[in-house]
There are 2 protein chains.
Amino acid sequence: MSRDSSDTRTRILDCTWNLLESGDKKVRMSDIAKEVGISRQALYLHFPTRAELLIATTRHIDSVKNVDARLADSRAATSGRDRLASFIGAWGGYIPEIHGLSVALRSMRDSDAEAAAAWDDRMQAVRHGCAAAVAALAADKMLRPDLNIEVATDLLWTLLSVENWERLVRECGWSQVEYENQIKRLSEAALLAKH
Amino acid sequence: MSRDSSDTRTRILDCTWNLLESGDKKVRMSDIAKEVGISRQALYLHFPTRAELLIATTRHIDSVKNVDARLADSRAATSGRDRLASFIGAWGGYIPEIHGLSVALRSMRDSDAEAAAAWDDRMQAVRHGCAAAVAALAADKMLRPDLNIEVATDLLWTLLSVENWERLVRECGWSQVEYENQIKRLSEAALLAKH
DNA sequence: GTGTCAACTTTACATCGTGTCAAGTAACTG
DNA sequence: CAGTTACTTGACACGATGTAAAGTTGACAC
């Protein structure tokens with residue numbers, strides 16, 4: 001679909017994305033250049049560093065996959081509980097799309113501060129979503145009384161981490177559906193007041 | 001305490017451990033050599049690669065901190081539920097001790113297959129502990145009827161991941177006690193049949 | 001003393017991936 | 001034709017790991 005975009009920058013982003021998601025662990029600048037069909041140096045004409053290329057790729061994926069719209073849907077839910085479930089569905093369903101990129105960005109955390117910041121930024125955005133879902137629960141008086149908003153948000157955010165998805169889906173071999181169902185169940189068990 | 005051990009190999013392991021746990025992110029072979037007070041090359045007389053040094057360091061920590069004994073205690077618990085709690089306490093309390101090493105080993109996952117295998121090995125050991133705890137719950141008929149042993153083990157193993165500890169304790173600023181309490185509560189909510 | 005062995009040192013170099021630099025080419029645009 | 005833009009080729013610096021070779025030091029044997 002995004003084939004033949006003529007715009008080199010876009011082609012670079014698409015190829016980077018393809019390579020990262022295709023799971024070939026080590027994606028070097030030269031790998032990307034080869035895939036795009038340009039020289040390694042031409043890459044540096046478009047992106048100053050590998051980190052910036054990866055960061056630009058996340059933004060590119062976000063816009064292609066329309067994350068904002070997905071998450072907006074979850075905001076439309078009426079009850080706090082529905083909202084929680086639909087937020088989990090939206091974010092949980094997005095994880096597989098960005099997983100390769102997530103691995104690449106996280107693996108340069110310690111070598112590149114900029115990449116680390118970019119990843120943290122994304123995770124903070126997810127955390128805001130978690131906080132909103134928790135707030136909706138609290139408004140419905142459905143939050144466990146022994147949990148304050150902050151702690152509940154931390155817990156939900158942790159449950160929804162990419163790392164947990166990796167472990168359950170990739171390592172334990174769960175299906176995406178099993179993952180979402182169990183995480184929903186677990187989140188409710190963790191956060192909801194029993195009544 | 002471990003000062004002046006005369007045995008160079010042991011001194012290397014202790015210094016590696018110190019450096020890793022002291023949180024100075026980048027621990028290079030030359031950093032370790034400087035800390036020990038020997039040349040970088042002397043390091044290679046004792047350990048062929050950085051990966052092997054890190055792996056040897058985990059074994060060293062295990063023996064100094066006596067993991068086996070800690071986990072053995074959790075096996076002594078009478079009820080399945082006590083056993084779950086005490087396993088979580090034992091492993092959860094061990095995570096802070098090996099956290100620096102865990103970061104280092106994981107960050108070379110993609111560059112070094114041997115390091116990856118060593119880390120996976122450790123995690124499989126934890127998984128066995130989880131499986132044993134789940135089996136004890138099942139024996140007491142306390143496992144949720146809609147969970148089979150496998151899925152329950154996957155869930156518990158995921159909850160107890162080092163990554164979740166990092167997020168809650170390091171990133172969210174929880175105390176170790178809060179962490180253990182919430183993870184215990186969450187594990188029980190996830191696994192125990194309500195009756 | 002001499003010989004020898006082990007543990008370590010110093011110096012030098014190969015490799016790999018990132019990122020920089022400079023000069024050249026090919027196509028489009030006025 | 002001149003100038004600009006997008007790219008190419010080739011060379012190189014850097015930082016970290018790992019290899020290789022020759023030299024130093026101290027202990028122990030006889």
# chains A, B, ... in the order shown; residues from 1 in each chain; ligands from 1
>>> residues_around(residues="Ala136 (chain B)", least_positions_apart="6", cutoff="10 Å", atoms="only C-alpha atoms (C1' of nucleotides)", output="PDB file with N, CA and C atoms, in the first residue's frame")
ATOM      1  N   ARG B  75       9.456 -23.263  49.939  1.00  0.00           N
ATOM      2  CA  ARG B  75       8.912 -24.591  49.683  1.00  0.00           C
ATOM      3  C   ARG B  75       8.382 -25.241  50.973  1.00  0.00           C
ATOM      4  N   ALA B  77       6.438 -23.826  53.161  1.00  0.00           N
ATOM      5  CA  ALA B  77       5.113 -23.345  53.573  1.00  0.00           C
ATOM      6  C   ALA B  77       4.081 -24.468  53.481  1.00  0.00           C
ATOM      7  N   THR B  78       3.143 -24.418  54.391  1.00  0.00           N
ATOM      8  CA  THR B  78       2.157 -25.496  54.442  1.00  0.00           C
ATOM      9  C   THR B  78       1.066 -25.339  53.389  1.00  0.00           C
ATOM     10  N   SER B  79       0.303 -24.236  53.464  1.00  0.00           N
ATOM     11  CA  SER B  79      -0.789 -24.081  52.505  1.00  0.00           C
ATOM     12  C   SER B  79      -0.267 -23.537  51.174  1.00  0.00           C
ATOM     13  N   GLY B  80      -1.029 -23.771  50.112  1.00  0.00           N
ATOM     14  CA  GLY B  80      -0.662 -23.262  48.790  1.00  0.00           C
ATOM     15  C   GLY B  80      -0.574 -21.752  48.805  1.00  0.00           C
ATOM     16  N   ARG B  81      -1.499 -21.151  49.542  1.00  0.00           N
ATOM     17  CA  ARG B  81      -1.535 -19.697  49.570  1.00  0.00           C
ATOM     18  C   ARG B  81      -0.305 -19.111  50.273  1.00  0.00           C
ATOM     19  N   ASP B  82       0.090 -19.718  51.376  1.00  0.00           N
ATOM     20  CA  ASP B  82       1.297 -19.289  52.074  1.00  0.00           C
ATOM     21  C   ASP B  82       2.515 -19.477  51.189  1.00  0.00           C
ATOM     22  N   ARG B  83       2.482 -20.548  50.485  1.00  0.00           N
ATOM     23  CA  ARG B  83       3.618 -20.851  49.627  1.00  0.00           C
ATOM     24  C   ARG B  83       3.762 -19.797  48.537  1.00  0.00           C
ATOM     25  N   LEU B  84       2.634 -19.414  47.968  1.00  0.00           N
ATOM     26  CA  LEU B  84       2.656 -18.358  46.942  1.00  0.00           C
ATOM     27  C   LEU B  84       3.259 -17.082  47.527  1.00  0.00           C
ATOM     28  N   CYS B 130       7.575 -20.537  39.982  1.00  0.00           N
ATOM     29  CA  CYS B 130       6.169 -20.136  39.788  1.00  0.00           C
ATOM     30  C   CYS B 130       5.297 -21.363  39.578  1.00  0.00           C
ATOM     31  N   MET B 142      -7.269 -24.303  45.334  1.00  0.00           N
ATOM     32  CA  MET B 142      -7.461 -22.863  45.458  1.00  0.00           C
ATOM     33  C   MET B 142      -7.232 -22.123  44.152  1.00  0.00           C
ATOM     34  N   LEU B 143      -6.878 -22.854  43.112  1.00  0.00           N
ATOM     35  CA  LEU B 143      -6.655 -22.214  41.817  1.00  0.00           C
ATOM     36  C   LEU B 143      -7.993 -21.955  41.130  1.00  0.00           C
TER      37      LEU B 143
END
>>> select_by_dssp(residues="region 125-195 of chain B", states="alpha helix (DSSP H)", output="number ranges by chain")
B: 125-139, 149-159, 162-165, 176-191
>>> closest_residue(among="A:Ile88, A:Ile38, A:Leu13, A:Leu43", to="chain C", atoms="only C-alpha atoms (C1' of nucleotides)")
A:Leu43
>>> closest_atom_pairs(of="chain B", to="chain C", cutoff="12 Å", atoms="only C-alpha atoms (C1' of nucleotides)", output="CSV")
residue,atom,partner,partner_atom,distance
B:Asp7,CA,C:DA7,C1',11.4
B:Thr8,CA,C:DA7,C1',9.8
B:Arg9,CA,C:DA7,C1',11.6
B:Gly37,CA,C:DC8,C1',11.2
B:Ile38,CA,C:DC8,C1',8.0
B:Ser39,CA,C:DT9,C1',7.1
B:Arg40,CA,C:DT9,C1',9.9
B:Gln41,CA,C:DT9,C1',8.6
B:Ala42,CA,C:DC8,C1',6.5
B:Leu43,CA,C:DC8,C1',10.1
B:Tyr44,CA,C:DC8,C1',11.3
B:Leu45,CA,C:DA7,C1',9.1
B:His46,CA,C:DA7,C1',10.6
B:Ser111,CA,C:DC16,C1',11.6
>>> write_last_selection(atoms="N, CA and C atoms", output="compact mmCIF listing (two decimals), in the first residue's frame")
# COMPACT_ATOMS: atom_id res chain seq x y z
N ASP B 7 42.43 -13.73 46.03
CA ASP B 7 42.15 -14.40 44.77
C ASP B 7 41.65 -13.39 43.74
N THR B 8 42.42 -13.23 42.69
CA THR B 8 42.09 -12.20 41.70
C THR B 8 40.73 -12.42 41.05
N ARG B 9 40.47 -13.67 40.72
CA ARG B 9 39.20 -13.98 40.08
C ARG B 9 38.02 -13.52 40.93
N GLY B 37 42.10 -2.91 39.73
CA GLY B 37 43.50 -2.51 39.86
C GLY B 37 44.43 -3.37 39.04
N ILE B 38 43.92 -3.91 37.94
CA ILE B 38 44.76 -4.69 37.03
C ILE B 38 44.57 -4.13 35.62
N SER B 39 45.32 -4.64 34.69
CA SER B 39 45.18 -4.15 33.31
C SER B 39 43.96 -4.79 32.66
N ARG B 40 43.46 -4.12 31.65
CA ARG B 40 42.29 -4.63 30.94
C ARG B 40 42.56 -6.04 30.41
N GLN B 41 43.80 -6.23 29.95
CA GLN B 41 44.13 -7.52 29.35
C GLN B 41 44.13 -8.64 30.38
N ALA B 42 44.47 -8.31 31.61
CA ALA B 42 44.49 -9.35 32.64
C ALA B 42 43.09 -9.92 32.85
N LEU B 43 42.10 -9.08 32.60
CA LEU B 43 40.71 -9.54 32.69
C LEU B 43 40.49 -10.72 31.75
N TYR B 44 41.09 -10.59 30.57
CA TYR B 44 40.88 -11.63 29.56
C TYR B 44 41.67 -12.90 29.88
N LEU B 45 42.57 -12.81 30.85
CA LEU B 45 43.26 -14.03 31.30
C LEU B 45 42.32 -14.86 32.17
N HIS B 46 41.30 -14.17 32.75
CA HIS B 46 40.39 -14.87 33.64
C HIS B 46 39.05 -15.19 32.99
N SER B 111 23.17 -8.78 21.16
CA SER B 111 24.52 -8.82 20.59
C SER B 111 25.23 -10.12 20.95
>>> interface_residues(of="chain B", to="chain A", cutoff="8 Å", atoms="only C-alpha atoms", output="count of residues only")
17
>>> atom_distance(atom1="CA of Ile61 (chain B)", atom2="CA of Asp121 (chain B)")
15.4 Å
>>> residues_around(residues="His128 (chain B)", least_positions_apart="2", cutoff="12 Å", atoms="only C-alpha atoms (C1' of nucleotides)", output="mmCIF file with C-alpha atoms, in the first residue's frame")
data_model
loop_
_atom_site.group_PDB
_atom_site.id
_atom_site.type_symbol
_atom_site.label_atom_id
_atom_site.label_comp_id
_atom_site.auth_asym_id
_atom_site.auth_seq_id
_atom_site.Cartn_x
_atom_site.Cartn_y
_atom_site.Cartn_z
ATOM 1 C CA LEU B 71 13.778 -20.283 47.667
ATOM 2 C CA PHE B 87 7.779 -17.435 47.016
ATOM 3 C CA TRP B 91 12.087 -13.824 44.658
ATOM 4 C CA ASP B 121 18.132 -19.809 31.948
ATOM 5 C CA ARG B 122 17.759 -17.764 35.103
ATOM 6 C CA MET B 123 14.256 -16.767 34.105
ATOM 7 C CA GLN B 124 13.337 -20.377 33.477
ATOM 8 C CA ALA B 125 14.471 -21.170 37.000
ATOM 9 C CA VAL B 126 12.106 -18.514 38.303
ATOM 10 C CA CYS B 130 6.169 -20.136 39.788
ATOM 11 C CA ALA B 131 5.006 -23.482 38.465
ATOM 12 C CA ALA B 132 5.648 -25.087 41.847
ATOM 13 C CA ALA B 133 3.676 -22.382 43.639
ATOM 14 C CA VAL B 134 0.813 -22.754 41.181
ATOM 15 C CA ALA B 135 0.872 -26.532 41.621
ATOM 16 C CA ILE B 149 -1.715 -24.760 35.384
ATOM 17 C CA GLU B 150 0.175 -23.513 32.367
ATOM 18 C CA THR B 153 2.166 -20.113 35.692
ATOM 19 C CA ASP B 154 2.597 -17.762 32.741
ATOM 20 C CA LEU B 156 2.473 -15.381 37.819
ATOM 21 C CA TRP B 157 5.815 -15.463 36.026
#
>>> interface_residues(of="chain D", to="chain A", cutoff="9 Å", atoms="only C-alpha atoms (C1' of nucleotides)", output="list in words")
DA6, DC7 and DT8 of chain D
>>> write_last_selection(atoms="all heavy atoms", output="PDB file, in the first residue's frame")
ATOM      1  P    DA D   6      16.664  17.958  -2.292  1.00  0.00           P
ATOM      2  OP1  DA D   6      15.236  17.739  -1.947  1.00  0.00           O
ATOM      3  OP2  DA D   6      17.626  18.419  -1.263  1.00  0.00           O
ATOM      4  O5'  DA D   6      17.224  16.590  -2.894  1.00  0.00           O
ATOM      5  C5'  DA D   6      16.539  15.970  -3.971  1.00  0.00           C
ATOM      6  C4'  DA D   6      17.340  14.774  -4.404  1.00  0.00           C
ATOM      7  O4'  DA D   6      18.595  15.234  -4.961  1.00  0.00           O
ATOM      8  C3'  DA D   6      17.705  13.856  -3.234  1.00  0.00           C
ATOM      9  O3'  DA D   6      17.375  12.523  -3.571  1.00  0.00           O
ATOM     10  C2'  DA D   6      19.209  14.028  -3.074  1.00  0.00           C
ATOM     11  C1'  DA D   6      19.634  14.422  -4.467  1.00  0.00           C
ATOM     12  N9   DA D   6      20.875  15.199  -4.487  1.00  0.00           N
ATOM     13  C8   DA D   6      21.262  16.208  -3.639  1.00  0.00           C
ATOM     14  N7   DA D   6      22.452  16.710  -3.911  1.00  0.00           N
ATOM     15  C5   DA D   6      22.868  15.988  -5.018  1.00  0.00           C
ATOM     16  C6   DA D   6      24.047  16.035  -5.789  1.00  0.00           C
ATOM     17  N6   DA D   6      25.049  16.879  -5.551  1.00  0.00           N
ATOM     18  N1   DA D   6      24.149  15.170  -6.828  1.00  0.00           N
ATOM     19  C2   DA D   6      23.129  14.327  -7.066  1.00  0.00           C
ATOM     20  N3   DA D   6      21.967  14.189  -6.410  1.00  0.00           N
ATOM     21  C4   DA D   6      21.905  15.053  -5.390  1.00  0.00           C
ATOM     22  P    DC D   7      17.472  11.379  -2.407  1.00  0.00           P
ATOM     23  OP1  DC D   7      16.458  10.361  -2.727  1.00  0.00           O
ATOM     24  OP2  DC D   7      17.450  12.045  -1.103  1.00  0.00           O
ATOM     25  O5'  DC D   7      18.918  10.745  -2.625  1.00  0.00           O
ATOM     26  C5'  DC D   7      19.092   9.878  -3.726  1.00  0.00           C
ATOM     27  C4'  DC D   7      20.498   9.984  -4.262  1.00  0.00           C
ATOM     28  O4'  DC D   7      21.050  11.304  -4.136  1.00  0.00           O
ATOM     29  C3'  DC D   7      21.533   9.153  -3.513  1.00  0.00           C
ATOM     30  O3'  DC D   7      21.471   7.792  -3.912  1.00  0.00           O
ATOM     31  C2'  DC D   7      22.829   9.790  -4.005  1.00  0.00           C
ATOM     32  C1'  DC D   7      22.401  11.177  -4.494  1.00  0.00           C
ATOM     33  N1   DC D   7      23.214  12.267  -3.893  1.00  0.00           N
ATOM     34  C2   DC D   7      24.450  12.549  -4.452  1.00  0.00           C
ATOM     35  O2   DC D   7      24.827  11.879  -5.430  1.00  0.00           O
ATOM     36  N3   DC D   7      25.221  13.532  -3.927  1.00  0.00           N
ATOM     37  C4   DC D   7      24.782  14.231  -2.878  1.00  0.00           C
ATOM     38  N4   DC D   7      25.576  15.191  -2.401  1.00  0.00           N
ATOM     39  C5   DC D   7      23.511  13.968  -2.282  1.00  0.00           C
ATOM     40  C6   DC D   7      22.760  12.985  -2.808  1.00  0.00           C
ATOM     41  P    DT D   8      22.510   6.754  -3.272  1.00  0.00           P
ATOM     42  OP1  DT D   8      22.029   5.398  -3.627  1.00  0.00           O
ATOM     43  OP2  DT D   8      22.724   7.122  -1.864  1.00  0.00           O
ATOM     44  O5'  DT D   8      23.880   7.023  -4.064  1.00  0.00           O
ATOM     45  C5'  DT D   8      23.917   6.917  -5.485  1.00  0.00           C
ATOM     46  C4'  DT D   8      25.376   6.981  -5.929  1.00  0.00           C
ATOM     47  O4'  DT D   8      25.886   8.321  -5.650  1.00  0.00           O
ATOM     48  C3'  DT D   8      26.256   6.006  -5.156  1.00  0.00           C
ATOM     49  O3'  DT D   8      26.975   5.160  -6.039  1.00  0.00           O
ATOM     50  C2'  DT D   8      27.189   6.874  -4.332  1.00  0.00           C
ATOM     51  C1'  DT D   8      27.132   8.236  -4.993  1.00  0.00           C
ATOM     52  N1   DT D   8      27.186   9.325  -3.977  1.00  0.00           N
ATOM     53  C2   DT D   8      28.285  10.138  -3.929  1.00  0.00           C
ATOM     54  O2   DT D   8      29.231  10.036  -4.682  1.00  0.00           O
ATOM     55  N3   DT D   8      28.243  11.095  -2.940  1.00  0.00           N
ATOM     56  C4   DT D   8      27.230  11.311  -2.021  1.00  0.00           C
ATOM     57  O4   DT D   8      27.301  12.205  -1.187  1.00  0.00           O
ATOM     58  C5   DT D   8      26.109  10.406  -2.131  1.00  0.00           C
ATOM     59  C7   DT D   8      24.955  10.529  -1.200  1.00  0.00           C
ATOM     60  C6   DT D   8      26.129   9.464  -3.084  1.00  0.00           C
TER      61       DT D   8
END
>>> residues_around(residues="Glu52 (chain A)", least_positions_apart="6", cutoff="12 Å", atoms="only C-alpha atoms (C1' of nucleotides)", output="list in words")
Leu13, Thr16, Met29, Leu43, Tyr44, His46, Thr58, Arg59, Leu105, Met108, Asp112, Ala113, Glu114, Ala115, Ala116, Ala117, Ala118 and Trp119 of chain A
>>> decode(residues="region 158-188 of chain A", atoms="N, CA, C and O atoms", output="JSON list (two decimals), in the first residue's frame")
[["chain", "number", "residue", "atom", "x", "y", "z"],
["A", 158, "THR", "N", 1.77, -0.72, 34.57],
["A", 158, "THR", "CA", 2.70, -1.84, 34.61],
["A", 158, "THR", "C", 2.12, -3.06, 33.92],
["A", 158, "THR", "O", 2.78, -3.72, 33.12],
["A", 159, "LEU", "N", 0.86, -3.35, 34.22],
["A", 159, "LEU", "CA", 0.21, -4.51, 33.59],
["A", 159, "LEU", "C", 0.23, -4.38, 32.07],
["A", 159, "LEU", "O", 0.41, -5.36, 31.35],
["A", 160, "LEU", "N", 0.09, -3.15, 31.59],
["A", 160, "LEU", "CA", -0.03, -2.92, 30.15],
["A", 160, "LEU", "C", 1.31, -2.70, 29.45],
["A", 160, "LEU", "O", 1.34, -2.28, 28.30],
["A", 161, "SER", "N", 2.40, -2.99, 30.14],
["A", 161, "SER", "CA", 3.71, -2.73, 29.54],
["A", 161, "SER", "C", 3.96, -3.62, 28.32],
["A", 161, "SER", "O", 3.44, -4.72, 28.22],
["A", 162, "VAL", "N", 4.74, -3.08, 27.42],
["A", 162, "VAL", "CA", 5.15, -3.85, 26.24],
["A", 162, "VAL", "C", 5.89, -5.11, 26.66],
["A", 162, "VAL", "O", 5.75, -6.17, 26.06],
["A", 163, "GLU", "N", 6.67, -5.00, 27.74],
["A", 163, "GLU", "CA", 7.43, -6.15, 28.21],
["A", 163, "GLU", "C", 6.51, -7.30, 28.61],
["A", 163, "GLU", "O", 6.80, -8.46, 28.33],
["A", 164, "ASN", "N", 5.41, -6.98, 29.27],
["A", 164, "ASN", "CA", 4.48, -8.04, 29.65],
["A", 164, "ASN", "C", 3.82, -8.67, 28.42],
["A", 164, "ASN", "O", 3.61, -9.88, 28.37],
["A", 165, "TRP", "N", 3.51, -7.83, 27.45],
["A", 165, "TRP", "CA", 2.97, -8.36, 26.19],
["A", 165, "TRP", "C", 3.96, -9.32, 25.54],
["A", 165, "TRP", "O", 3.60, -10.42, 25.13],
["A", 166, "GLU", "N", 5.22, -8.88, 25.48],
["A", 166, "GLU", "CA", 6.28, -9.72, 24.90],
["A", 166, "GLU", "C", 6.34, -11.06, 25.57],
["A", 166, "GLU", "O", 6.44, -12.11, 24.92],
["A", 167, "ARG", "N", 6.34, -11.02, 26.89],
["A", 167, "ARG", "CA", 6.49, -12.26, 27.63],
["A", 167, "ARG", "C", 5.32, -13.20, 27.35],
["A", 167, "ARG", "O", 5.52, -14.37, 27.06],
["A", 168, "LEU", "N", 4.12, -12.69, 27.44],
["A", 168, "LEU", "CA", 2.95, -13.56, 27.32],
["A", 168, "LEU", "C", 2.73, -14.02, 25.88],
["A", 168, "LEU", "O", 2.49, -15.20, 25.63],
["A", 169, "VAL", "N", 2.82, -13.07, 24.95],
["A", 169, "VAL", "CA", 2.50, -13.42, 23.56],
["A", 169, "VAL", "C", 3.70, -14.07, 22.87],
["A", 169, "VAL", "O", 3.57, -15.14, 22.27],
["A", 170, "ARG", "N", 4.85, -13.43, 22.96],
["A", 170, "ARG", "CA", 6.00, -13.95, 22.23],
["A", 170, "ARG", "C", 6.63, -15.15, 22.93],
["A", 170, "ARG", "O", 6.96, -16.15, 22.31],
["A", 171, "GLU", "N", 6.82, -15.01, 24.23],
["A", 171, "GLU", "CA", 7.60, -16.04, 24.92],
["A", 171, "GLU", "C", 6.72, -17.21, 25.34],
["A", 171, "GLU", "O", 7.08, -18.35, 25.15],
["A", 172, "CYS", "N", 5.54, -16.91, 25.89],
["A", 172, "CYS", "CA", 4.65, -17.99, 26.34],
["A", 172, "CYS", "C", 3.75, -18.49, 25.23],
["A", 172, "CYS", "O", 3.07, -19.49, 25.39],
["A", 173, "GLY", "N", 3.71, -17.76, 24.12],
["A", 173, "GLY", "CA", 2.95, -18.25, 22.98],
["A", 173, "GLY", "C", 1.45, -18.01, 23.05],
["A", 173, "GLY", "O", 0.68, -18.68, 22.36],
["A", 174, "TRP", "N", 1.03, -17.06, 23.89],
["A", 174, "TRP", "CA", -0.40, -16.75, 23.93],
["A", 174, "TRP", "C", -0.85, -16.08, 22.63],
["A", 174, "TRP", "O", -0.06, -15.42, 21.96],
["A", 175, "SER", "N", -2.13, -16.24, 22.33],
["A", 175, "SER", "CA", -2.69, -15.47, 21.21],
["A", 175, "SER", "C", -2.97, -14.07, 21.70],
["A", 175, "SER", "O", -3.08, -13.81, 22.91],
["A", 176, "GLN", "N", -3.14, -13.17, 20.74],
["A", 176, "GLN", "CA", -3.45, -11.79, 21.09],
["A", 176, "GLN", "C", -4.76, -11.72, 21.88],
["A", 176, "GLN", "O", -4.89, -10.95, 22.83],
["A", 177, "VAL", "N", -5.72, -12.56, 21.51],
["A", 177, "VAL", "CA", -7.03, -12.56, 22.18],
["A", 177, "VAL", "C", -6.89, -13.01, 23.64],
["A", 177, "VAL", "O", -7.43, -12.37, 24.56],
["A", 178, "GLU", "N", -6.16, -14.11, 23.83],
["A", 178, "GLU", "CA", -5.92, -14.58, 25.20],
["A", 178, "GLU", "C", -5.27, -13.47, 26.03],
["A", 178, "GLU", "O", -5.65, -13.21, 27.17],
["A", 179, "TYR", "N", -4.24, -12.86, 25.42],
["A", 179, "TYR", "CA", -3.54, -11.78, 26.11],
["A", 179, "TYR", "C", -4.52, -10.71, 26.57],
["A", 179, "TYR", "O", -4.56, -10.34, 27.74],
["A", 180, "GLU", "N", -5.31, -10.21, 25.63],
["A", 180, "GLU", "CA", -6.21, -9.11, 25.97],
["A", 180, "GLU", "C", -7.23, -9.53, 27.03],
["A", 180, "GLU", "O", -7.50, -8.77, 27.97],
["A", 181, "ASN", "N", -7.75, -10.73, 26.89],
["A", 181, "ASN", "CA", -8.75, -11.18, 27.86],
["A", 181, "ASN", "C", -8.17, -11.29, 29.27],
["A", 181, "ASN", "O", -8.75, -10.80, 30.24],
["A", 182, "GLN", "N", -7.03, -11.93, 29.36],
["A", 182, "GLN", "CA", -6.43, -12.11, 30.69],
["A", 182, "GLN", "C", -6.01, -10.77, 31.28],
["A", 182, "GLN", "O", -6.15, -10.55, 32.48],
["A", 183, "ILE", "N", -5.47, -9.89, 30.47],
["A", 183, "ILE", "CA", -5.03, -8.61, 31.00],
["A", 183, "ILE", "C", -6.24, -7.79, 31.45],
["A", 183, "ILE", "O", -6.20, -7.10, 32.47],
["A", 184, "LYS", "N", -7.31, -7.90, 30.72],
["A", 184, "LYS", "CA", -8.54, -7.21, 31.14],
["A", 184, "LYS", "C", -9.02, -7.77, 32.47],
["A", 184, "LYS", "O", -9.31, -7.03, 33.42],
["A", 185, "ARG", "N", -9.08, -9.08, 32.54],
["A", 185, "ARG", "CA", -9.53, -9.72, 33.77],
["A", 185, "ARG", "C", -8.63, -9.32, 34.94],
["A", 185, "ARG", "O", -9.09, -8.95, 36.02],
["A", 186, "LEU", "N", -7.32, -9.35, 34.68],
["A", 186, "LEU", "CA", -6.36, -9.06, 35.72],
["A", 186, "LEU", "C", -6.46, -7.59, 36.16],
["A", 186, "LEU", "O", -6.41, -7.29, 37.36],
["A", 187, "SER", "N", -6.64, -6.73, 35.21],
["A", 187, "SER", "CA", -6.76, -5.30, 35.54],
["A", 187, "SER", "C", -8.00, -5.06, 36.39],
["A", 187, "SER", "O", -7.96, -4.31, 37.38],
["A", 188, "GLU", "N", -9.08, -5.71, 36.02],
["A", 188, "GLU", "CA", -10.30, -5.54, 36.81],
["A", 188, "GLU", "C", -10.11, -6.10, 38.21],
["A", 188, "GLU", "O", -10.51, -5.47, 39.20]]
